Every structure is written in C-alpha cells, then in structure tokens.
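Here the structure comes first, spelled out in structure tokens, and everything after it is commentary.
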Amino acid sequence: MTVSKHNDFRISITKLIKNPGTLQEISVKGSVSEVFVSSAWLEADQDVHLVGTLESVHSGIMFVGSIKTDIKYECRRCLTVGSKALDLEVCELFEKDFQEDRGDTYPIVGDFIDFTDMTRDALVLGLPSAPLCSEHCQGLCQTCGSNLNEVQCNHHDDGIDPRFRILDQLK
C-alpha cells in the first residue's frame, strides 16, 4: 500500500504503468482549498483522507475508493453552524492522453497522478446543498427571529408572511 505524506495528493504510478493489469492500494491524507457551496464548506486546514485502489487499465489508471472528511454547514431553517462527517464513494479515470474537452477524466502527468482536482470536484459535488441540523428543526420565529429549537416565543403563527398582513385590510 502506498501511503503519502500529509498534504501530498501526488502518487507515483511508475509500477502500474510498467505492469498493465496490476493493482496498487493507496492511502492519502491532506487538505484541499476552496471547497464550498452556499451553506456547506470544508475548513481550509481540514484533513481529507483518500483511500482506494489504483488499477492499470487500457486507457489509463482507474481509481476506485472513498473520500472521508468533516464538513461545516449552516442549517437552512435555524441558521446554526454545525459539523458532520462526509464519506463519498469515488470512481474516476486518469489518462495519459488527457484532453480537457473530451470527457470527465483527469490527467496523468509523467509518472504521477495528482488527486487534488479530483478530490475537490468530488467534495464540492458531495456537499449538501440545503443542510439541516436535524430533521425536526423548527427554524426561526417569523416575528421575532428567535431560534425555536432553543426558546418558545408566544407569537401567533397563522402561516401568513408578516409582510403581506396589510393585504388583510382589503377584505
């Protein structure tokens, strides 16, 4: 098994290139920058662990494995910040004759594969777009803005947006 140093997503594939059909187990730990969507993100110094198998195939090197890390998120209902584990399954092809406009593969540069771009892409696609702190989150009070998970305010909620209450006078 190839284990890389911390913060190094480059793996040598010299043995795989010379021996088609062979497998190589890898374990890589590092950090990836700029991983975020509107309400979920990865801290800049957060460890990302990539584990899997590289296989020499006809068109390049196939990676099958998983990406594990912890993410931060903002609940879409109550706006509290929380964290949770993220575990993604990944299957990607790396090609020597990589052409950016010809599909969803990644390049082999010399005798190395750099997993940084693949890891960033998988993490961004795997982040929740509308996370919740819990399925039973009650959100915020429409009137006073209190977090209803923490306090019970006595405002009457008739389901009408307070901005449209003025329209009730037109009846």
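Letters A, B, ... go to the chains of the structure tokens in the order shown; residues in each chain start at 1; ligands are counted from 1 in the same order.
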
May I have the residues within 12 Å of Thr80 (chain A) as JSON, numbers by chain, using only C-alpha atoms and disregarding those fewer than 2 positions away in the same chain? {"A": [39, 40, 72, 73, 74, 75, 76, 77, 78, 82, 83, 131, 132, 133, 134, 137, 138, 139, 140, 146, 147, 148, 149, 150]}

For the helix (DSSP H, G or I) assignment from backbone DSSP, which residues of region 16-170 of chain A qualify? Please present them as a list in words.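 These are the residues in question: Leu16, Ile17, Lys18, Thr116, Asp117, Met118, Thr119, Arg120, Asp121, Ala122, Leu123, Val124, Leu125, Gly126, Pro162, Arg163, Phe164, Arg165, Ile166, Leu167, Asp168, Gln169 and Leu170 of chain A.
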
How would the residues just chosen look if you wrote them out with N, CA and C atoms as an mmCIF file, in the first residue's frame?
```
data_model
loop_
_atom_site.group_PDB
_atom_site.id
_atom_site.type_symbol
_atom_site.label_atom_id
_atom_site.label_comp_id
_atom_site.auth_asym_id
_atom_site.auth_seq_id
_atom_site.Cartn_x
_atom_site.Cartn_y
_atom_site.Cartn_z
ATOM 1 N N LEU A 16 2.623 0.780 -11.939
ATOM 2 C CA LEU A 16 1.378 0.475 -12.646
ATOM 3 C C LEU A 16 1.536 0.641 -14.153
ATOM 4 N N ILE A 17 2.252 1.667 -14.575
ATOM 5 C CA ILE A 17 2.445 1.916 -16.000
ATOM 6 C C ILE A 17 3.252 0.790 -16.636
ATOM 7 N N LYS A 18 4.244 0.280 -15.903
ATOM 8 C CA LYS A 18 5.108 -0.775 -16.442
ATOM 9 C C LYS A 18 4.452 -2.149 -16.413
ATOM 10 N N THR A 116 -5.591 16.098 -6.335
ATOM 11 C CA THR A 116 -6.145 17.334 -5.787
ATOM 12 C C THR A 116 -7.427 17.762 -6.500
ATOM 13 N N ASP A 117 -7.401 17.869 -7.828
ATOM 14 C CA ASP A 117 -8.586 18.319 -8.567
ATOM 15 C C ASP A 117 -9.744 17.332 -8.446
ATOM 16 N N MET A 118 -9.451 16.045 -8.548
ATOM 17 C CA MET A 118 -10.490 15.034 -8.418
ATOM 18 C C MET A 118 -11.140 15.097 -7.041
ATOM 19 N N THR A 119 -10.307 15.267 -6.004
ATOM 20 C CA THR A 119 -10.818 15.327 -4.636
ATOM 21 C C THR A 119 -11.684 16.563 -4.448
ATOM 22 N N ARG A 120 -11.222 17.710 -4.928
ATOM 23 C CA ARG A 120 -12.003 18.951 -4.817
ATOM 24 C C ARG A 120 -13.334 18.805 -5.544
ATOM 25 N N ASP A 121 -13.317 18.280 -6.762
ATOM 26 C CA ASP A 121 -14.555 18.115 -7.535
ATOM 27 C C ASP A 121 -15.542 17.206 -6.805
ATOM 28 N N ALA A 122 -15.067 16.076 -6.297
ATOM 29 C CA ALA A 122 -15.944 15.136 -5.598
ATOM 30 C C ALA A 122 -16.524 15.756 -4.329
ATOM 31 N N LEU A 123 -15.698 16.504 -3.604
ATOM 32 C CA LEU A 123 -16.183 17.128 -2.371
ATOM 33 C C LEU A 123 -17.234 18.195 -2.658
ATOM 34 N N VAL A 124 -16.989 19.038 -3.648
ATOM 35 C CA VAL A 124 -17.969 20.084 -3.972
ATOM 36 C C VAL A 124 -19.299 19.453 -4.389
ATOM 37 N N LEU A 125 -19.247 18.400 -5.202
ATOM 38 C CA LEU A 125 -20.477 17.731 -5.623
ATOM 39 C C LEU A 125 -21.141 16.971 -4.472
ATOM 40 N N GLY A 126 -20.358 16.555 -3.484
ATOM 41 C CA GLY A 126 -20.892 15.788 -2.361
ATOM 42 C C GLY A 126 -21.405 16.621 -1.200
ATOM 43 N N PRO A 162 -45.633 38.006 7.498
ATOM 44 C CA PRO A 162 -45.999 39.294 8.083
ATOM 45 C C PRO A 162 -45.918 40.461 7.089
ATOM 46 N N ARG A 163 -45.153 40.331 6.037
ATOM 47 C CA ARG A 163 -45.066 41.401 5.038
ATOM 48 C C ARG A 163 -46.364 41.562 4.248
ATOM 49 N N PHE A 164 -47.202 40.516 4.247
ATOM 50 C CA PHE A 164 -48.441 40.565 3.482
ATOM 51 C C PHE A 164 -49.668 40.809 4.360
ATOM 52 N N ARG A 165 -49.494 41.047 5.662
ATOM 53 C CA ARG A 165 -50.626 41.282 6.570
ATOM 54 C C ARG A 165 -51.437 42.515 6.160
ATOM 55 N N ILE A 166 -50.812 43.481 5.582
ATOM 56 C CA ILE A 166 -51.507 44.691 5.154
ATOM 57 C C ILE A 166 -52.608 44.356 4.157
ATOM 58 N N LEU A 167 -52.439 43.262 3.420
ATOM 59 C CA LEU A 167 -53.468 42.862 2.426
ATOM 60 C C LEU A 167 -54.744 42.373 3.101
ATOM 61 N N ASP A 168 -54.685 41.967 4.378
ATOM 62 C CA ASP A 168 -55.885 41.547 5.102
ATOM 63 C C ASP A 168 -56.878 42.694 5.250
ATOM 64 N N GLN A 169 -56.412 43.915 5.234
ATOM 65 C CA GLN A 169 -57.293 45.083 5.388
ATOM 66 C C GLN A 169 -58.125 45.339 4.135
ATOM 67 N N LEU A 170 -57.796 44.711 3.031
ATOM 68 C CA LEU A 170 -58.528 44.920 1.798
ATOM 69 C C LEU A 170 -59.815 44.098 1.706
#
```

So, counting only C-alpha atoms, which residue among A:Phe9, A:Phe63, A:Phe112, A:Trp41 is closest to Glu89 (chain A)?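 Closest candidate: A:Phe63.
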
In chain A, DSSP strand (DSSP E) residues written as JSON, numbers by chain: {"A": [2, 3, 10, 11, 12, 23, 24, 25, 26, 27, 28, 29, 30, 36, 37, 40, 41, 48, 49, 50, 51, 52, 53, 54, 55, 56, 57, 60, 61, 62, 63, 64, 65, 66, 67, 68, 69, 70, 71, 72, 73, 74, 81, 82, 83, 84, 85, 86, 87, 88, 89, 90, 91, 92, 93, 94, 95, 106, 107, 108, 109, 112, 113, 114]}

Might you pull out every residue within 10 Å of region 24-37 of chain A, with only C-alpha atoms counted and same-chain residues fewer than 5 positions away left off, and present them as a PyMOL selection string? chain A and resi 1-11+13+15-16+42-56+63-69+71-73+115-117+119-130
